Structure formats: structure tokens, C-alpha cells
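Participant: I am sharing input-v3.txt, which consists of compact mmCIF, C-alpha atoms:
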# COMPACT_ATOMS: atom_id res chain seq x y z
CA MET A 113 -19.68 13.62 3.31
CA LYS A 114 -18.25 12.53 6.66
CA ILE A 115 -15.24 10.28 6.24
CA GLY A 116 -12.90 8.38 8.54
CA ILE A 117 -9.14 7.91 8.17
CA LEU A 118 -7.93 4.44 9.14
CA GLY A 119 -4.20 4.32 9.80
CA CYS A 120 -2.07 7.17 11.18
CA GLY A 121 1.32 6.41 9.63
CA VAL A 122 3.54 8.57 7.40
CA ILE A 123 1.14 8.95 4.45
CA SER A 124 -1.81 9.94 6.66
CA ASN A 125 -0.25 13.35 7.28
CA THR A 126 -0.33 14.17 3.56
CA TYR A 127 -3.88 12.88 3.12
CA ILE A 128 -5.25 14.78 6.11
CA GLN A 129 -3.48 18.03 5.23
CA GLU A 130 -4.55 17.95 1.58
CA ILE A 131 -8.17 16.95 2.30
CA LYS A 132 -8.50 19.78 4.80
CA ARG A 133 -6.81 22.28 2.47
CA LEU A 134 -8.41 21.35 -0.86
CA TYR A 135 -11.58 19.30 -0.49
CA GLN A 136 -13.61 20.92 2.29
CA PRO A 137 -16.56 21.24 2.62
CA LEU A 138 -17.15 18.33 0.21
CA LEU A 139 -15.25 16.03 2.60
CA GLU A 140 -15.28 16.30 6.38
CA ILE A 141 -12.82 14.17 8.36
CA ALA A 142 -14.97 13.09 11.29
CA ALA A 143 -12.50 10.67 12.87
CA VAL A 144 -9.11 9.01 12.69
CA ALA A 145 -8.53 5.45 13.86
CA GLY A 146 -5.77 2.91 14.22
CA ARG A 147 -4.35 0.14 16.30
CA ASN A 148 -1.86 2.48 17.98
CA THR A 149 -3.91 4.55 20.41
CA GLU A 150 -1.12 7.04 21.07
CA SER A 151 -0.48 7.94 17.42
CA THR A 152 -4.24 8.07 16.72
CA ARG A 153 -4.82 10.57 19.53
CA ALA A 154 -1.79 12.60 18.44
CA ALA A 155 -3.13 12.84 14.87
CA ALA A 156 -6.60 13.88 16.04
CA GLU A 157 -5.12 16.58 18.25
CA LYS A 158 -2.63 17.84 15.65
CA TYR A 159 -5.23 18.20 12.90
CA GLU A 160 -8.21 19.15 15.09
CA ILE A 161 -10.22 16.06 14.13
CA PRO A 162 -13.24 15.46 16.42
CA ALA A 163 -12.71 11.79 17.26
CA ALA A 164 -9.80 9.38 17.83
CA TYR A 165 -11.28 5.90 17.47
CA THR A 166 -10.29 2.29 17.63
CA VAL A 167 -10.94 0.37 14.41
CA ASP A 168 -14.16 -1.09 15.85
CA GLU A 169 -15.40 2.34 16.95
CA LEU A 170 -14.76 3.81 13.50
CA LEU A 171 -16.67 1.05 11.75
CA ALA A 172 -19.56 1.37 14.21
CA ASP A 173 -20.05 5.12 13.75
CA PRO A 174 -23.25 5.49 11.65
CA GLU A 175 -22.40 9.05 10.50
CA ILE A 176 -19.22 8.00 8.69
CA GLU A 177 -20.11 7.02 5.11
CA LEU A 178 -16.66 6.42 3.66
CA VAL A 179 -13.44 5.06 5.16
CA VAL A 180 -9.97 5.81 3.75
CA ASN A 181 -7.69 2.84 4.47
CA LEU A 182 -4.07 4.00 4.93
CA THR A 183 -2.79 0.98 6.84
CA PRO A 184 0.26 -1.10 5.74
CA PRO A 185 -0.31 -3.24 2.60
CA CYS A 186 -0.26 -6.52 4.54
CA ALA A 187 -3.42 -5.39 6.39
CA HIS A 188 -5.33 -4.01 3.38
CA VAL A 189 -7.44 -7.03 2.46
CA GLU A 190 -8.58 -7.84 6.00
CA LEU A 191 -9.48 -4.25 6.82
CA ASN A 192 -10.99 -3.56 3.38
CA ARG A 193 -13.32 -6.50 3.98
CA ARG A 194 -14.30 -5.21 7.43
CA ILE A 195 -14.98 -1.72 6.07
CA LEU A 196 -17.31 -3.08 3.39
CA GLU A 197 -19.02 -5.44 5.83
CA ALA A 198 -19.72 -2.38 8.00
CA ASP A 199 -21.66 -0.93 5.02
CA LYS A 200 -19.22 1.89 4.36
CA HIS A 201 -17.76 2.97 1.04
CA LEU A 202 -14.04 2.19 0.77
CA PHE A 203 -11.06 4.09 -0.55
CA CYS A 204 -7.78 2.19 -0.15
CA GLU A 205 -4.16 3.23 -0.55
CA LYS A 206 -2.13 1.17 -3.00
CA PRO A 207 -1.79 -1.71 -3.34
CA PHE A 208 -5.51 -2.47 -3.10
CA ALA A 209 -4.65 -6.16 -2.58
CA LEU A 210 -1.65 -8.42 -3.12
CA SER A 211 -3.51 -11.03 -5.16
CA VAL A 212 -6.10 -10.90 -7.94
CA GLU A 213 -8.32 -13.36 -6.05
CA ASP A 214 -8.50 -11.11 -2.97
CA ALA A 215 -9.16 -8.03 -5.11
CA LYS A 216 -12.02 -9.74 -6.95
CA GLU A 217 -13.52 -11.01 -3.69
CA LEU A 218 -13.62 -7.47 -2.28
CA ALA A 219 -15.18 -6.13 -5.48
CA ALA A 220 -17.90 -8.80 -5.31
CA LEU A 221 -18.63 -7.90 -1.68
CA ALA A 222 -18.95 -4.21 -2.55
CA GLU A 223 -21.30 -4.97 -5.44
CA LYS A 224 -23.46 -7.18 -3.22
CA LYS A 225 -23.79 -4.38 -0.68
CA GLY A 226 -24.26 -1.57 -3.20
CA LEU A 227 -21.05 0.20 -2.15
CA LEU A 228 -18.31 1.90 -4.15
CA ILE A 229 -14.64 1.05 -4.00
CA GLY A 230 -11.93 3.58 -4.74
CA ALA A 231 -8.22 2.86 -4.84
CA ALA A 232 -5.04 4.86 -5.08
CA PRO A 233 -3.23 6.01 -7.10
CA ASP A 234 -5.51 8.88 -8.05
CA THR A 235 -2.81 11.14 -9.51
CA PHE A 236 -4.15 10.47 -13.02
CA LEU A 237 -7.08 12.71 -12.00
CA THR A 238 -4.87 15.76 -11.42
CA ALA A 239 -4.44 18.72 -13.76
CA PRO A 240 -1.07 17.67 -15.33
CA MET A 241 -2.23 14.14 -16.22
CA GLN A 242 -5.65 15.26 -17.44
CA SER A 243 -3.88 17.87 -19.58
CA CYS A 244 -1.59 15.24 -21.10
CA ARG A 245 -4.60 13.09 -21.97
CA LYS A 246 -6.31 16.07 -23.62
CA LEU A 247 -3.21 16.91 -25.67
CA LEU A 248 -2.94 13.27 -26.73
CA GLU A 249 -6.59 13.22 -27.85
CA GLU A 250 -6.09 16.49 -29.76
CA GLY A 251 -3.29 14.88 -31.78
CA TRP A 252 -0.30 16.91 -30.62
CA ILE A 253 1.98 13.88 -31.15
CA GLY A 254 -0.21 12.11 -33.68
CA LYS A 255 -1.08 8.47 -33.18
CA PRO A 256 0.68 7.13 -30.05
CA LEU A 257 3.03 4.24 -30.84
CA TYR A 258 5.31 3.66 -27.86
CA ALA A 259 6.05 4.87 -24.33
CA THR A 260 8.74 4.55 -21.69
CA ALA A 261 8.05 4.60 -17.94
CA ASN A 262 10.90 4.74 -15.45
CA MET A 263 10.86 4.79 -11.66
CA MET A 264 14.57 4.60 -10.92
CA SER A 265 15.34 5.19 -7.24
CA CYS A 266 17.80 4.11 -4.56
CA GLY A 267 15.02 2.75 -2.32
CA VAL A 268 13.21 4.08 0.72
CA GLU A 269 15.86 3.53 3.42
CA THR A 270 17.14 7.11 3.01
CA TRP A 271 13.87 8.68 4.15
CA HIS A 272 11.25 6.22 5.48
CA PRO A 273 11.31 5.60 9.27
CA SER A 274 10.35 1.91 8.84
CA PRO A 275 11.71 0.66 5.49
CA GLN A 276 11.82 -3.07 6.36
CA ALA A 277 8.42 -3.97 4.84
CA PHE A 278 9.50 -2.58 1.47
CA TYR A 279 11.99 -5.45 1.13
CA GLN A 280 9.68 -8.26 2.23
CA GLN A 281 6.88 -10.12 0.42
CA GLY A 282 4.25 -7.58 -0.68
CA GLY A 283 6.85 -4.83 -0.95
CA GLY A 284 9.35 -3.84 -3.62
CA PRO A 285 9.15 -1.29 -6.43
CA LEU A 286 6.24 -3.00 -8.20
CA PHE A 287 3.69 -2.91 -5.37
CA ASP A 288 5.02 0.39 -4.02
CA MET A 289 5.48 2.52 -7.15
CA ALA A 290 4.27 0.78 -10.32
CA PRO A 291 0.59 1.57 -9.56
CA TYR A 292 1.28 5.30 -10.18
CA TYR A 293 2.67 4.59 -13.63
CA LEU A 294 0.15 1.89 -14.51
CA SER A 295 -2.87 4.02 -13.58
CA VAL A 296 -1.60 6.86 -15.80
CA LEU A 297 -0.88 4.46 -18.68
CA ILE A 298 -4.41 3.01 -18.38
CA HIS A 299 -5.77 6.56 -18.27
CA LEU A 300 -3.91 7.41 -21.48
CA PHE A 301 -4.25 4.19 -23.49
CA GLY A 302 -6.72 1.85 -21.82
CA PRO A 303 -5.98 -1.60 -20.36
CA VAL A 304 -2.85 -3.74 -20.57
CA GLN A 305 -3.07 -6.86 -22.77
CA GLU A 306 0.15 -8.75 -21.98
CA VAL A 307 3.53 -8.38 -20.27
CA PHE A 308 7.05 -9.78 -20.47
CA SER A 309 9.53 -9.09 -17.70
CA TYR A 310 12.90 -9.77 -16.08
CA GLY A 311 13.56 -9.26 -12.38
CA ALA A 312 16.75 -8.89 -10.31
CA LYS A 313 17.95 -8.22 -6.77
CA GLY A 314 20.77 -5.69 -6.55
CA TYR A 315 21.66 -6.29 -2.90
CA GLU A 316 21.10 -9.17 -0.47
CA GLU A 317 21.15 -6.72 2.44
CA ARG A 318 20.56 -2.99 2.57
CA ARG A 319 21.90 -0.43 5.02
CA ILE A 320 19.32 1.90 6.57
CA TYR A 321 20.21 5.61 6.64
CA SER A 322 16.95 7.10 7.96
CA GLN A 323 16.12 7.65 11.61
CA PRO A 324 15.42 6.00 13.99
CA LEU A 325 17.05 2.86 12.49
CA ALA A 326 20.12 4.49 10.92
CA GLY A 327 23.12 2.17 10.96
CA THR A 328 21.13 -1.05 11.00
CA SER A 329 20.38 -3.20 7.95
CA VAL A 330 17.49 -5.12 6.41
CA LYS A 331 17.64 -8.41 4.52
CA VAL A 332 16.16 -8.29 1.02
CA GLU A 333 13.64 -11.08 0.34
CA ILE A 334 12.35 -10.00 -3.07
CA PRO A 335 13.53 -8.65 -6.44
CA THR A 336 14.16 -4.92 -6.31
CA HIS A 337 14.48 -4.24 -10.05
CA TYR A 338 12.08 -5.13 -12.87
CA THR A 339 12.50 -4.42 -16.58
CA SER A 340 9.25 -5.05 -18.45
CA VAL A 341 7.56 -4.67 -21.80
CA LEU A 342 3.83 -4.00 -21.69
CA LYS A 343 1.60 -4.37 -24.71
CA MET A 344 -1.49 -2.21 -24.26
CA LYS A 345 -4.77 -3.41 -25.70
CA ASN A 346 -4.74 -0.51 -28.19
CA GLY A 347 -1.35 -1.67 -29.53
CA VAL A 348 0.96 0.81 -27.78
CA LEU A 349 4.21 -0.80 -26.54
CA VAL A 350 5.62 0.38 -23.21
CA ASN A 351 9.12 -0.13 -21.83
CA MET A 352 8.81 0.03 -18.04
CA ASN A 353 11.63 0.00 -15.47
CA MET A 354 10.82 -0.14 -11.74
CA SER A 355 13.85 -0.13 -9.45
CA PHE A 356 15.07 0.45 -5.90
CA ASP A 357 18.69 -0.18 -7.01
CA ILE A 358 19.57 3.02 -8.90
CA TRP A 359 21.46 5.87 -7.24
CA HIS A 360 20.78 8.33 -10.05
CA SER A 361 19.11 8.30 -13.46
CA THR A 362 18.42 10.79 -16.26
CA LEU A 363 15.73 8.65 -17.90
CA PRO A 364 12.35 10.39 -18.24
CA LYS A 365 9.68 9.40 -15.71
CA LEU A 366 7.14 8.99 -18.50
CA GLU A 367 7.54 9.80 -22.19
CA LEU A 368 5.20 9.13 -25.12
CA TYR A 369 6.23 8.66 -28.76
CA GLY A 370 3.80 9.23 -31.62
CA THR A 371 3.72 9.54 -35.40
CA GLU A 372 3.93 13.35 -35.15
CA GLY A 373 6.17 13.93 -32.14
CA THR A 374 7.12 13.22 -28.52
CA MET A 375 5.47 14.19 -25.23
CA THR A 376 7.45 14.24 -21.98
CA MET A 377 5.10 14.00 -19.00
CA PRO A 378 5.46 15.10 -15.38
CA ASP A 379 6.16 12.61 -12.57
CA PRO A 380 3.10 10.30 -12.23
CA ASN A 381 3.71 10.16 -8.46
CA MET A 382 3.17 13.90 -8.10
CA SER A 383 0.48 16.44 -8.95
CA ASP A 384 2.49 19.28 -10.47
CA GLY A 385 4.60 19.92 -13.55
CA ARG A 386 3.65 20.51 -17.18
CA PRO A 387 3.79 18.42 -20.36
CA CYS A 388 6.50 19.18 -22.90
CA VAL A 389 5.98 18.50 -26.61
CA PHE A 390 8.46 18.07 -29.45
CA ARG A 391 6.97 18.09 -32.98
CA LYS A 392 8.37 16.31 -36.05
CA GLU A 393 8.49 19.64 -37.95
CA GLN A 394 11.35 20.70 -35.68
CA VAL A 395 13.50 17.96 -37.24
CA LEU A 396 12.11 18.23 -40.79
CA ALA A 397 12.92 21.95 -40.90
CA GLY A 398 16.55 20.98 -41.46
CA CYS A 399 15.55 19.00 -44.56
CA TYR A 400 14.27 22.20 -46.17
CA GLY A 401 17.24 24.41 -45.41
CA LEU A 402 15.73 25.86 -42.25
CA THR A 403 17.16 25.72 -38.73
CA ALA A 404 16.33 22.51 -36.88
CA ASP A 405 15.05 22.99 -33.35
CA ALA A 406 15.96 20.41 -30.70
CA LYS A 407 13.96 21.99 -27.87
CA SER A 408 10.81 20.49 -26.34
CA TYR A 409 8.19 23.13 -25.57
CA GLU A 410 6.26 23.31 -22.31
CA LEU A 411 2.51 23.60 -22.82
CA PRO A 412 -0.07 25.09 -20.45
CA LEU A 413 -2.38 23.01 -18.28
CA ARG A 414 -6.11 22.82 -19.01
CA ASN A 415 -6.77 23.34 -15.29
CA GLN A 416 -4.74 25.05 -12.60
CA SER A 417 -2.31 22.84 -10.67
CA VAL A 418 -2.85 23.60 -7.00
CA SER A 419 -0.23 21.50 -5.25
CA ALA A 420 2.71 19.13 -5.64
CA TYR A 421 0.55 16.67 -3.71
CA THR A 422 -3.22 16.32 -4.01
CA ARG A 423 -3.71 13.13 -2.00
CA GLY A 424 -7.41 12.66 -1.45
CA CYS A 425 -8.33 13.75 -4.97
CA GLY A 426 -9.73 10.28 -5.68
CA VAL A 427 -11.70 10.36 -2.43
CA ALA A 428 -13.27 13.67 -3.46
CA GLU A 429 -14.12 12.39 -6.95
CA MET A 430 -15.58 9.27 -5.35
CA ALA A 431 -17.77 11.35 -3.00
CA LEU A 432 -19.11 13.22 -6.04
CA ALA A 433 -19.77 9.90 -7.79
CA ILE A 434 -21.74 8.62 -4.78
CA ARG A 435 -23.76 11.84 -4.74
CA ASP A 436 -24.41 11.67 -8.49
CA GLY A 437 -25.17 7.93 -8.59
CA ARG A 438 -22.36 7.06 -11.03
CA LYS A 439 -19.16 4.99 -11.06
CA ASN A 440 -16.02 6.69 -9.75
CA ARG A 441 -12.96 6.81 -11.99
CA ALA A 442 -10.30 5.31 -9.67
CA ASN A 443 -12.56 2.30 -9.17
CA GLU A 444 -12.34 -1.43 -8.38
CA GLN A 445 -12.00 -2.36 -12.07
CA MET A 446 -8.78 -0.36 -12.36
CA ALA A 447 -7.60 -1.65 -8.96
CA ILE A 448 -8.08 -5.31 -9.97
CA HIS A 449 -6.40 -4.70 -13.34
CA ILE A 450 -3.35 -3.07 -11.73
CA VAL A 451 -3.05 -5.87 -9.16
CA GLU A 452 -3.15 -8.42 -11.97
CA VAL A 453 -0.58 -6.58 -14.10
CA ILE A 454 1.83 -6.45 -11.14
CA ASN A 455 1.35 -10.14 -10.40
CA ARG A 456 1.80 -11.10 -14.06
CA ILE A 457 5.02 -9.06 -14.25
CA MET A 458 6.37 -11.02 -11.29
CA GLU A 459 5.14 -14.28 -12.83
CA SER A 460 6.77 -13.46 -16.17
CA ALA A 461 10.07 -12.62 -14.48
CA GLY A 462 9.98 -15.88 -12.56
CA MET A 463 9.01 -18.14 -15.47
CA GLY A 464 10.67 -16.38 -18.40
CA ARG A 465 7.59 -16.16 -20.58
CA CYS A 466 5.00 -13.68 -21.78
CA CYS A 467 1.87 -13.45 -19.60
CA ARG A 468 -1.57 -12.40 -20.81
CA ILE A 469 -3.77 -10.14 -18.69
CA GLU A 470 -7.25 -11.58 -18.18
CA SER A 471 -9.03 -8.73 -16.39
CA GLU A 472 -10.79 -5.94 -18.28
CA CYS A 473 -10.62 -2.30 -17.31
CA ALA A 474 -12.47 0.61 -18.90
CA GLN A 475 -10.37 3.64 -19.82
CA PRO A 476 -11.47 6.45 -17.47
CA GLY A 477 -13.11 9.45 -19.09
CA LEU A 478 -11.65 12.95 -18.85
CA TRP A 479 -12.63 14.76 -15.66
CA GLU A 480 -13.71 18.38 -15.93
CA GLN A 481 -13.74 19.05 -12.18
CA VAL A 482 -10.01 18.75 -11.62
CA TRP A 483 -8.18 19.94 -8.52
In C-alpha cells, what does this structure look like?
Facilitator:
Amino acid sequence: MKIGILGCGVISNTYIQEIKRLYQPLLEIAAVAGRNTESTRAAAEKYEIPAAYTVDELLADPEIELVVNLTPPCAHVELNRRILEADKHLFCEKPFALSVEDAKELAALAEKKGLLIGAAPDTFLTAPMQSCRKLLEEGWIGKPLYATANMMSCGVETWHPSPQAFYQQGGGPLFDMAPYYLSVLIHLFGPVQEVFSYGAKGYEERRIYSQPLAGTSVKVEIPTHYTSVLKMKNGVLVNMNMSFDIWHSTLPKLELYGTEGTMTMPDPNMSDGRPCVFRKEQVLAGCYGLTADAKSYELPLRNQSVSAYTRGCGVAEMALAIRDGRKNRANEQMAIHIVEVINRIMESAGMGRCCRIESECAQPGLWEQVW
């Protein structure tokens, strides 16, 4: 399938490299496009991509079936609409949209035109996360009861060349990082039923340390820390912390607690690592005069992990879905649900009350063809 990459910013390098390394010949990058002609031409030359297009030229190319939208979040809805109106399948970086209304409108347009929508994050499709789901279904920790999810960072101003947008409306830890954790939680447990949250702003102004803006500062317009409780539809309770205000943390990225033990999962933002399991028998041994064992044991993956990053995995799975005439796993249902959960977390923090999630989202099935 010939695809086009729209947007040649920081994340495009990872997508292009990984698609060329892992997903050829299933995917062929036929063109890159963007509003900045210079960076578009530079990307095409660097990665030996045949065409460097304007946005209009990309959408007019009849050979390109699917467009990957990697533009800034503020431009997602407008460009997503244009991609679908050009009769091309769409895969969009997170967040798919900033509002539930916009997300639903795009989904309706795709359905009307018979097109598929895919949306990042797609890391739940990778070998570590698929392996965790398999272990959960096999009962390694019994019936899941609770989980904790923690993205505790000091923000993006230490590494991103243009961190300003992360501290304006449409930015922050929820829109930027929560989708990775939410997509994995939905993959493991199904949809979210309701949320309760508190939000806070650690700093009114933040100093930038990354080049080329090092030494300048950015005003913070939004909360940069959210502490939330999510009740999943299957009854599992999740404590979730999303923060740009933490210099260092030892909290687990994602940990599951069941009737028979605990599973510590790899970073949902990445595509490597292995699950670690602690079984209740390790504690109960001490009750019978045996030696208690406090160690969690690393378990093997059901498929080989090929990279710390596998950006483009969802695009590849989507191309297979188009070929096979089925629904892709990182689809518009999940995208709408995640957008709603994020908005309800912000609403709950602002109003001090529990918010119910109205959208439905099917739990994705296990994927045998994992990269």
C-alpha cells in the first residue's frame, strides 16, 4: 500500500525510519508533505522518498491510499477532515481530536465514505503489551482487581525543540501522554465507565533548557498534573497520575493487581521490555515455614520484540485490515473513547465531581501478527 506522511516534525523521523525498517514491503512511503517546503524536501532527500509535496499535492495523488497525519494537535481536525474528503484512509497521531464532537464528526465522515480511521497510540499492538494481555487471560494474577498507571515526568522542555504548545490549550500531560496508558488499559480491560479527578499547575512559568530556545521561558496556561481514579466497565479500579511536574519518580509505569498476584508491565509509551509477575504463593510460603520470596519474575514474550520504538505498527495493522475487509484495532471507536475520557478527566477536575463516560469502545482482540 502506498502511503503519504503529512507533517515533517520531530516524530516523523521515528515513523519514517521504523516504517522503512519494519513494515516494507507492506507499506511504501510514496511521499512526504507539509506546510514548510524546506523541511519537507529535506525529509524526502534524507529518507530517499520519491516525492516532496504540498498538502494539496499529497491529497490529489491518486496512488496514495492512506495518509499518516503527524502535524501538531491543533491542526489535526482540519487536516483529518481534508484527508477523508480526499477519499483516503486516515491514520492520525494522538490526540485524534481535542473534543468528542469533532472526533465523532470525523468518524461519521469516514463511515459515509467507506474509509477506515486509525489513531495512535498503537503501542498496545506490540509484543510486550500483547504478551501482558495473554498472561492476564491465562490467569497468571487471577482475576484483575486494580491497577496503577503513572506518567511522572519533568515536562518536555529538556528535550523538545518547540515545547511551547505543550503548555497551551490542547497540550499538557493528558493530551500528550495519557493516550498511551488509556489505550493499553482499554486493551487489557475494555472501556472506561467513569472518572474522578483533581488537577493542578506546578509552575506558572517554565524555563526552557532545550535548543534552540534554551534560556527562554514559556507561560503555563493549563494544569500540568492530574490525579485520577478510573472505573473500568468490567469493575477494575485504576489510579492514574499524569504529570509534567515531577523531577523523578520510582512509581511503576503500569502495574496490575489481581486475586492471585501482581503484574508489572513495561512502559506503555515504548515497544520493548518484559512483564514481571509476582504470585501470592511467594508470600504464603512463609505461612507454612518455607522461605518467602519477594522477587518478581520476568516472563518471556509471546512474540519477539524488535525495537524500542515500532511507530507505524498501527498503520501496518490498518493496511492489513483494509486488505482483509475488516475493522482495524486502533480504530475510531477507541480514538473517540480516549478523547472523551481525557475531556471528562479535565471536566471532573474543574467541577469536583464524578463524570460518566458515554461513548462505547470494543476491547480489541489479541493480534497474532505482532511486530
Participant: With only C-alpha atoms as the counted atoms, please give the residues lying no more than 10 Å from segment 255-266 of chain A, apart from itself and same-chain residues fewer than 6 positions off, as a VMD selection string.
Facilitator: chain A and resid 248 to 249 285 to 286 289 to 290 292 to 294 297 300 to 301 336 to 337 339 to 344 346 to 377 379 to 381
Participant: Could you give me, as number ranges by chain, the residues within 10 Å of Glu459 of chain A, counting all atoms listed in the file and dropping anything in the same chain fewer than 6 positions from it?
Facilitator: A: 307-311, 453, 465-467
Participant: Please indicate the distance in Å from atom CA of Arg318 of chain A to atom CA of Tyr338 of chain A, rounded to one decimal place.
Facilitator: 17.7 Å
Participant: Give the answer as one residue: which of A:Ala442, A:Ala164, A:Ala277, A:Ala172 has the shortest atom-to-atom distance to Cys204 of chain A, using all atoms listed in the file?
Facilitator: A:Ala442
Participant: Which of these residues is nearest to Arg386 of chain A, using all atoms listed in the file: A:Gly401, A:Gly254, A:Pro174, A:Pro412?
Facilitator: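 For Arg386 of chain A, the nearest of the given residues is A:Pro412.
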Participant: Could you tell me how far atom CA of Ile141 of chain A lies from atom CA of Arg194 of chain A, in Å and to one decimal?
Facilitator: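 Interatomic distance, atom CA of Ile141 of chain A to atom CA of Arg194 of chain A: 19.5 Å.
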Participant: Taking all atoms listed in the file into account, name the residue in A:Arg319, A:Lys439, A:Arg414, A:Arg153 that is nearest to Leu247 of chain A.
Facilitator: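 That would be A:Arg414, the residue with the smallest distance to Leu247 of chain A.
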Participant: List as a Markdown table every residue of segment 390-462 of chain A that is in contact with segment 113-132 of chain A, defined as an atom at most 12 Å from one of its atoms (using all atoms listed in the file), together with the nearest atom pair and the distance in Å rounded to one decimal, sorted by chain and then rising number.
Facilitator:
| residue | atom | partner | partner_atom | distance |
| --- | --- | --- | --- | --- |
| A:Val418 | CA | A:Glu130 | CA | 10.4 |
| A:Ser419 | CA | A:Glu130 | CA | 8.8 |
| A:Ala420 | CA | A:Glu130 | CA | 10.3 |
| A:Tyr421 | CA | A:Glu130 | CA | 7.5 |
| A:Thr422 | CA | A:Glu130 | CA | 6.0 |
| A:Arg423 | CA | A:Tyr127 | CA | 5.1 |
| A:Gly424 | CA | A:Ile131 | CA | 5.7 |
| A:Cys425 | CA | A:Ile131 | CA | 7.9 |
| A:Gly426 | CA | A:Ile131 | CA | 10.5 |
| A:Val427 | CA | A:Ile131 | CA | 8.8 |
| A:Ala428 | CA | A:Ile131 | CA | 8.4 |
| A:Glu429 | CA | A:Met113 | CA | 11.7 |
| A:Met430 | CA | A:Met113 | CA | 10.5 |
| A:Ala431 | CA | A:Met113 | CA | 7.0 |
| A:Leu432 | CA | A:Met113 | CA | 9.4 |
| A:Ala433 | CA | A:Met113 | CA | 11.7 |
| A:Ile434 | CA | A:Met113 | CA | 9.7 |
| A:Arg435 | CA | A:Met113 | CA | 9.2 |
Participant: Could you check the closest approach to Pro185 of chain A for each of A:Gln281, A:Gln394, A:Ser329, A:Thr166 and tell me which residue wins, using only C-alpha atoms?
Facilitator: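 Among A:Gln281, A:Gln394, A:Ser329, A:Thr166, it is A:Gln281 that comes nearest to Pro185 of chain A.
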Participant: Could you check the closest approach to Glu480 of chain A for each of A:Ala239, A:Cys388, A:Leu182, A:Ala187 and tell me which residue wins, using only C-alpha atoms?
Facilitator: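 Using only C-alpha atoms, Glu480 of chain A sits closest to A:Ala239.
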Participant: Fewer than 2 positions away in the same chain doesn't count, so skip those; otherwise give me all residues within 9 Å of Val268 of chain A, counting only C-alpha atoms, as a list in words.
Facilitator: Ser265, Cys266, Thr270, Trp271, His272, Pro273, Ser274, Pro275, Phe278, Ile320, Ser322 and Phe356 of chain A
Participant: Regenerate segment 360-366 of chain A at the level of all heavy atoms and dump it as an mmCIF file, keeping the file's coordinate frame.
Facilitator:
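What ended up in selection.cif:
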data_model
loop_
_atom_site.group_PDB
_atom_site.id
_atom_site.type_symbol
_atom_site.label_atom_id
_atom_site.label_comp_id
_atom_site.auth_asym_id
_atom_site.auth_seq_id
_atom_site.Cartn_x
_atom_site.Cartn_y
_atom_site.Cartn_z
ATOM 1 N N HIS A 360 21.142 7.120 -9.289
ATOM 2 C CA HIS A 360 20.780 8.330 -10.050
ATOM 3 C C HIS A 360 20.456 7.918 -11.484
ATOM 4 O O HIS A 360 21.076 7.000 -12.031
ATOM 5 C CB HIS A 360 21.926 9.339 -10.055
ATOM 6 C CG HIS A 360 21.643 10.566 -10.883
ATOM 7 N ND1 HIS A 360 20.682 11.493 -10.533
ATOM 8 C CD2 HIS A 360 22.187 10.999 -12.045
ATOM 9 C CE1 HIS A 360 20.654 12.451 -11.442
ATOM 10 N NE2 HIS A 360 21.548 12.177 -12.369
ATOM 11 N N SER A 361 19.485 8.591 -12.084
ATOM 12 C CA SER A 361 19.110 8.300 -13.460
ATOM 13 C C SER A 361 18.659 9.578 -14.151
ATOM 14 O O SER A 361 18.078 10.469 -13.517
ATOM 15 C CB SER A 361 17.977 7.272 -13.502
ATOM 16 O OG SER A 361 17.457 7.149 -14.816
ATOM 17 N N THR A 362 18.923 9.664 -15.461
ATOM 18 C CA THR A 362 18.420 10.790 -16.260
ATOM 19 C C THR A 362 17.311 10.354 -17.209
ATOM 20 O O THR A 362 16.886 11.125 -18.063
ATOM 21 C CB THR A 362 19.568 11.425 -17.063
ATOM 22 O OG1 THR A 362 20.179 10.423 -17.876
ATOM 23 C CG2 THR A 362 20.613 12.034 -16.146
ATOM 24 N N LEU A 363 16.842 9.103 -17.067
ATOM 25 C CA LEU A 363 15.730 8.650 -17.900
ATOM 26 C C LEU A 363 14.461 9.426 -17.560
ATOM 27 O O LEU A 363 14.235 9.793 -16.398
ATOM 28 C CB LEU A 363 15.470 7.158 -17.675
ATOM 29 C CG LEU A 363 16.508 6.184 -18.233
ATOM 30 C CD1 LEU A 363 16.198 4.761 -17.764
ATOM 31 C CD2 LEU A 363 16.535 6.247 -19.750
ATOM 32 N N PRO A 364 13.603 9.684 -18.540
ATOM 33 C CA PRO A 364 12.350 10.390 -18.240
ATOM 34 C C PRO A 364 11.424 9.511 -17.399
ATOM 35 O O PRO A 364 11.419 8.292 -17.526
ATOM 36 C CB PRO A 364 11.747 10.639 -19.628
ATOM 37 C CG PRO A 364 12.331 9.562 -20.486
ATOM 38 C CD PRO A 364 13.718 9.325 -19.965
ATOM 39 N N LYS A 365 10.659 10.140 -16.502
ATOM 40 C CA LYS A 365 9.680 9.400 -15.710
ATOM 41 C C LYS A 365 8.648 8.744 -16.627
ATOM 42 O O LYS A 365 8.317 7.574 -16.466
ATOM 43 C CB LYS A 365 8.967 10.344 -14.730
ATOM 44 C CG LYS A 365 9.867 11.025 -13.724
ATOM 45 C CD LYS A 365 10.314 10.073 -12.650
ATOM 46 C CE LYS A 365 11.066 10.820 -11.553
ATOM 47 N NZ LYS A 365 11.577 9.899 -10.522
ATOM 48 N N LEU A 366 8.138 9.512 -17.564
ATOM 49 C CA LEU A 366 7.140 8.990 -18.500
ATOM 50 C C LEU A 366 7.217 9.801 -19.787
ATOM 51 O O LEU A 366 7.092 11.035 -19.766
ATOM 52 C CB LEU A 366 5.741 9.086 -17.890
ATOM 53 C CG LEU A 366 4.608 8.353 -18.613
ATOM 54 C CD1 LEU A 366 4.929 6.881 -18.793
ATOM 55 C CD2 LEU A 366 3.313 8.487 -17.833
#
